[in-house]
>>> print(open('query.cif').read())   # mmCIF, C-alpha atoms
data_start
#
loop_
_atom_site.group_PDB
_atom_site.id
_atom_site.type_symbol
_atom_site.label_atom_id
_atom_site.label_comp_id
_atom_site.auth_asym_id
_atom_site.auth_seq_id
_atom_site.Cartn_x
_atom_site.Cartn_y
_atom_site.Cartn_z
ATOM 1 C CA MET A 15 90.100 78.168 75.946
ATOM 2 C CA PHE A 16 91.526 81.246 77.655
ATOM 3 C CA ILE A 17 92.375 81.402 81.330
ATOM 4 C CA VAL A 18 93.142 84.739 82.933
ATOM 5 C CA GLU A 19 96.733 84.946 84.156
ATOM 6 C CA VAL A 20 98.039 87.971 85.993
ATOM 7 C CA ARG A 21 101.672 88.561 86.802
ATOM 8 C CA GLU A 22 102.398 90.605 89.882
ATOM 9 C CA PRO A 23 105.099 93.201 89.273
ATOM 10 C CA LEU A 24 106.438 94.433 92.589
ATOM 11 C CA THR A 25 106.068 98.037 91.455
ATOM 12 C CA ASN A 26 102.267 97.729 91.675
ATOM 13 C CA PHE A 27 102.212 96.765 95.327
ATOM 14 C CA PRO A 28 102.140 99.225 98.226
ATOM 15 C CA ASN A 29 105.142 99.029 100.572
ATOM 16 C CA SER A 30 102.969 97.536 103.319
ATOM 17 C CA VAL A 31 102.248 94.543 101.088
ATOM 18 C CA LEU A 32 105.915 94.114 100.223
ATOM 19 C CA ALA A 33 106.719 94.170 103.922
ATOM 20 C CA GLY A 34 104.527 91.122 104.418
ATOM 21 C CA SER A 35 101.342 92.607 105.829
ATOM 22 C CA MET A 36 99.164 90.704 103.320
ATOM 23 C CA LYS A 37 97.417 87.928 105.145
ATOM 24 C CA LYS A 38 97.147 85.485 102.264
ATOM 25 C CA LYS A 39 98.829 85.003 98.892
ATOM 26 C CA LEU A 40 96.689 83.613 96.118
ATOM 27 C CA ALA A 41 97.884 80.925 93.745
ATOM 28 C CA PRO A 42 97.739 81.790 90.026
ATOM 29 C CA LYS A 43 95.026 79.136 89.483
ATOM 30 C CA ARG A 44 92.813 80.713 92.170
ATOM 31 C CA LYS A 45 93.351 84.177 90.682
ATOM 32 C CA SER A 46 92.186 82.829 87.326
ATOM 33 C CA GLU A 47 89.098 81.306 88.925
ATOM 34 C CA LEU A 48 88.208 84.604 90.596
ATOM 35 C CA CYS A 49 88.777 86.567 87.375
ATOM 36 C CA LEU A 50 86.389 84.285 85.519
ATOM 37 C CA GLN A 51 83.688 85.311 88.001
ATOM 38 C CA CYS A 52 84.276 89.059 87.785
ATOM 39 C CA GLY A 53 85.671 90.706 84.636
ATOM 40 C CA LYS A 54 85.505 94.186 86.234
ATOM 41 C CA CYS A 55 89.120 95.004 85.369
ATOM 42 C CA CYS A 56 88.108 95.013 81.708
ATOM 43 C CA MET A 57 84.894 97.022 82.066
ATOM 44 C CA SER A 58 86.752 100.367 81.975
ATOM 45 C CA MET A 59 90.319 101.699 81.911
ATOM 46 C CA THR A 60 91.897 104.126 84.392
ATOM 47 C CA PHE A 61 94.989 106.172 83.604
ATOM 48 C CA PHE A 62 97.224 108.553 85.531
ATOM 49 C CA GLY A 63 96.506 112.110 84.395
ATOM 50 C CA GLY A 64 99.169 114.055 86.267
ATOM 51 C CA GLU A 65 99.382 116.917 88.703
ATOM 52 C CA VAL A 66 96.347 119.165 89.021
ATOM 53 C CA ASP A 67 97.393 122.631 87.853
ATOM 54 C CA ASP A 68 95.657 125.387 85.859
ATOM 55 C CA GLU A 69 96.239 123.662 82.520
ATOM 56 C CA ALA A 70 95.064 120.312 83.881
ATOM 57 C CA ARG A 71 91.885 121.853 85.341
ATOM 58 C CA ASP A 72 90.720 122.751 81.832
ATOM 59 C CA GLU A 73 91.527 119.235 80.550
ATOM 60 C CA ILE A 74 89.760 117.716 83.563
ATOM 61 C CA ARG A 75 86.652 119.809 82.883
ATOM 62 C CA TRP A 76 86.670 118.600 79.255
ATOM 63 C CA MET A 77 87.017 114.975 80.407
ATOM 64 C CA GLU A 78 84.120 115.332 82.854
ATOM 65 C CA LEU A 79 81.927 116.889 80.148
ATOM 66 C CA HIS A 80 82.682 113.840 77.991
ATOM 67 C CA GLY A 81 81.683 111.319 80.648
ATOM 68 C CA LEU A 82 85.081 110.374 82.041
ATOM 69 C CA LYS A 83 85.285 109.715 85.766
ATOM 70 C CA ILE A 84 87.983 111.699 87.608
ATOM 71 C CA ASP A 85 89.607 110.619 90.889
ATOM 72 C CA TYR A 86 91.888 112.885 92.919
ATOM 73 C CA VAL A 87 94.733 111.734 95.144
ATOM 74 C CA GLU A 88 96.549 114.048 97.540
ATOM 75 C CA LYS A 89 100.226 113.324 98.172
ATOM 76 C CA ARG A 90 102.606 114.879 100.644
ATOM 77 C CA ALA A 91 105.649 116.388 98.950
ATOM 78 C CA GLY A 92 107.871 117.725 101.694
ATOM 79 C CA ARG A 93 105.892 120.406 103.501
ATOM 80 C CA SER A 94 103.324 120.872 100.771
ATOM 81 C CA THR A 95 100.496 118.753 99.424
ATOM 82 C CA LEU A 96 100.364 117.772 95.775
ATOM 83 C CA THR A 97 97.075 116.781 94.105
ATOM 84 C CA GLU A 98 97.171 114.325 91.224
ATOM 85 C CA TYR A 99 94.303 113.033 89.131
ATOM 86 C CA TYR A 100 93.365 109.799 87.419
ATOM 87 C CA PHE A 101 90.777 109.506 84.658
ATOM 88 C CA THR A 102 88.619 106.532 83.814
ATOM 89 C CA ILE A 103 87.348 105.786 80.339
ATOM 90 C CA PRO A 104 84.003 103.976 80.761
ATOM 91 C CA GLN A 105 84.566 101.707 77.768
ATOM 92 C CA ARG A 106 84.422 97.961 78.091
ATOM 93 C CA CYS A 107 87.286 96.113 76.386
ATOM 94 C CA GLY A 108 86.189 94.758 73.027
ATOM 95 C CA ALA A 109 87.997 91.475 73.715
ATOM 96 C CA LEU A 110 86.090 90.705 76.950
ATOM 97 C CA GLN A 111 83.640 87.892 76.274
ATOM 98 C CA ASP A 112 80.683 86.854 78.425
ATOM 99 C CA ILE A 113 79.860 83.182 78.610
ATOM 100 C CA THR A 114 76.643 82.202 80.346
ATOM 101 C CA THR A 115 76.538 78.690 81.757
ATOM 102 C CA ALA A 116 73.473 76.434 81.639
ATOM 103 C CA ALA A 117 72.841 77.459 85.260
ATOM 104 C CA GLY A 118 72.665 81.113 84.188
ATOM 105 C CA VAL A 119 76.007 82.105 85.733
ATOM 106 C CA THR A 120 78.112 84.529 83.703
ATOM 107 C CA HIS A 121 81.834 83.898 83.303
ATOM 108 C CA TYR A 122 84.306 86.228 81.609
ATOM 109 C CA VAL A 123 87.177 85.343 79.297
ATOM 110 C CA CYS A 124 89.666 87.324 77.264
ATOM 111 C CA GLY A 125 89.200 86.846 73.540
ATOM 112 C CA VAL A 126 92.817 87.824 72.824
ATOM 113 C CA TYR A 127 94.400 86.250 75.899
ATOM 114 C CA GLU A 128 97.466 84.821 74.131
ATOM 115 C CA THR A 129 98.244 88.142 72.415
ATOM 116 C CA ARG A 130 96.860 90.585 75.006
ATOM 117 C CA PRO A 131 98.797 93.839 75.518
ATOM 118 C CA GLN A 132 101.545 93.975 78.134
ATOM 119 C CA MET A 133 99.545 96.427 80.263
ATOM 120 C CA CYS A 134 96.852 93.751 80.574
ATOM 121 C CA ARG A 135 99.450 91.122 81.500
ATOM 122 C CA ASP A 136 100.853 93.390 84.228
ATOM 123 C CA TYR A 137 97.555 94.683 85.605
ATOM 124 C CA ASP A 138 96.592 93.846 89.176
ATOM 125 C CA GLY A 139 93.037 94.934 90.000
ATOM 126 C CA SER A 140 93.569 94.239 93.702
ATOM 127 C CA ILE A 141 95.822 97.282 94.172
ATOM 128 C CA GLU A 142 94.467 100.124 96.294
ATOM 129 C CA GLY A 143 93.528 103.469 94.827
ATOM 130 C CA PRO A 144 92.067 104.650 91.547
ATOM 131 C CA LEU A 145 93.921 102.103 89.412
ATOM 132 C CA GLY A 146 92.486 99.154 91.336
ATOM 133 C CA VAL A 147 89.005 97.637 91.378
ATOM 134 C CA ALA A 148 87.286 98.527 94.665
ATOM 135 C CA ASP A 149 85.484 95.201 95.018
ATOM 136 C CA CYS A 150 88.123 93.005 93.387
ATOM 137 C CA LEU A 151 87.583 89.385 94.364
ATOM 138 C CA TRP A 152 91.357 88.895 94.731
ATOM 139 C CA ARG A 153 91.535 91.620 97.371
ATOM 140 C CA SER A 154 88.500 90.250 99.188
ATOM 141 C CA GLU A 155 89.914 86.756 99.357
ATOM 142 C CA MET A 156 93.477 87.856 100.187
ATOM 143 C CA ASN A 157 92.151 89.897 103.106
ATOM 144 C CA HIS A 158 89.860 87.086 104.240
ATOM 145 C CA SER A 159 86.806 89.264 103.763
ATOM 146 C CA ALA A 160 84.001 86.985 104.859
ATOM 147 C CA ALA A 161 81.255 89.157 103.404
ATOM 148 C CA SER A 162 82.546 89.155 99.851
ATOM 149 C CA ALA A 163 83.950 85.638 99.964
ATOM 150 C CA LYS A 164 80.449 84.221 100.495
ATOM 151 C CA GLY A 165 79.215 82.386 97.473
ATOM 152 C CA LEU A 166 82.627 81.940 95.866
ATOM 153 C CA VAL A 167 83.025 78.496 94.382
ATOM 154 C CA GLN A 168 85.782 76.597 92.655
ATOM 155 C CA LEU A 169 85.237 77.066 88.933
ATOM 156 C CA GLN A 170 86.425 75.306 85.870
ATOM 157 C CA PRO A 171 87.266 77.638 82.960
ATOM 158 C CA PRO A 172 84.373 77.706 80.512
ATOM 159 C CA SER A 173 84.794 75.374 77.560
ATOM 160 C CA ARG A 174 84.343 76.645 74.041
#
>>> encode(input="query.cif", output="structure tokens")
Amino acid sequence: MFIVEVREPLTNFPNSVLAGSMKKKLAPKRKSELCLQCGKCCMSMTFFGGEVDDEARDEIRWMELHGLKIDYVEKRAGRSTLTEYYFTIPQRCGALQDITTAAGVTHYVCGVYETRPQMCRDYDGSIEGPLGVADCLWRSEMNHSAASAKGLVQLQPPSR
């Protein structure tokens, strides 16, 4: 049996979260329960591409022609604005397993949980921006989002 565990490195959190603006902190067990319902973090991978310059524009065009999703983020750097890009590879992780319960509900588990890569151990889908998952159940529950919290139930990890 594999239960999703996510560590929360402080470097992944925006300063506002570190300052205590988050309304609710989730226990590791609850995070695991929410991950079993979702699996979206493992449906694709997003990486930082770098600053958008002439060389990057050609690489970005190639990526778009090959089906990669590109997100742009503008950052203030002194008096100027810097544009950076992130690219998403729309490839589901080969270790993500679907388990359908007798009731027809799909749960997700990691097939290599005990030996998963460090980047998977450190990942936090609830972060804002291109590296996060827009409708992450963690974020919804932490922010007390009533709309997305509807229908959430306490789950037991699927048995094998």
>>> atom_distance(input="query.cif", atom1="CA of Gly64 in chain A", atom2="CA of Ile84 in chain A")
11.5 Å
>>> axis_aligned_box(input="query.cif", around="range 83-98 of chain A", padding_each_side="8 Å", output="JSON")
{"center_x": 96.6, "center_y": 115.3, "center_z": 94.6, "size_x": 38.6, "size_y": 27.2, "size_z": 33.7}
>>> closest_residue(input="query.cif", among="A:Leu82, A:Leu151, A:Val123, A:Leu145", to="Thr60 in chain A", atoms="all atoms listed in the file")
A:Leu145
>>> closest_residue(input="query.cif", among="A:Trp152, A:Tyr99, A:Tyr86, A:Trp76", to="Gly63 in chain A", atoms="all atoms listed in the file")
A:Tyr99
>>> residues_around(input="query.cif", residues="Lys89 in chain A", least_positions_apart="4", cutoff="12 Å", atoms="all atoms listed in the file", output="number ranges by chain")
A: 64-66, 93-99
>>> atom_distance(input="query.cif", atom1="CA of Pro144 in chain A", atom2="CA of Ile113 in chain A")
27.9 Å
>>> closest_residue(input="query.cif", among="A:Gly81, A:Thr114, A:Arg71, A:Tyr122", to="Leu50 in chain A", atoms="all atoms listed in the file")
A:Tyr122
>>> atom_distance(input="query.cif", atom1="CA of Cys150 in chain A", atom2="CA of Lys38 in chain A")
14.7 Å
>>> closest_residue(input="query.cif", among="A:Gly92, A:Pro42, A:Pro131, A:Gly53", to="Gln111 in chain A", atoms="all atoms listed in the file")
A:Gly53
>>> closest_residue(input="query.cif", among="A:Cys55, A:Ile141, A:Leu110, A:Met77", to="Tyr127 in chain A", atoms="all atoms listed in the file")
A:Leu110
>>> residues_around(input="query.cif", residues="Glu78 in chain A", least_positions_apart="3", cutoff="12 Å", atoms="all atoms listed in the file", output="PyMOL selection string")
chain A and resi 71-75+81-85+100-104
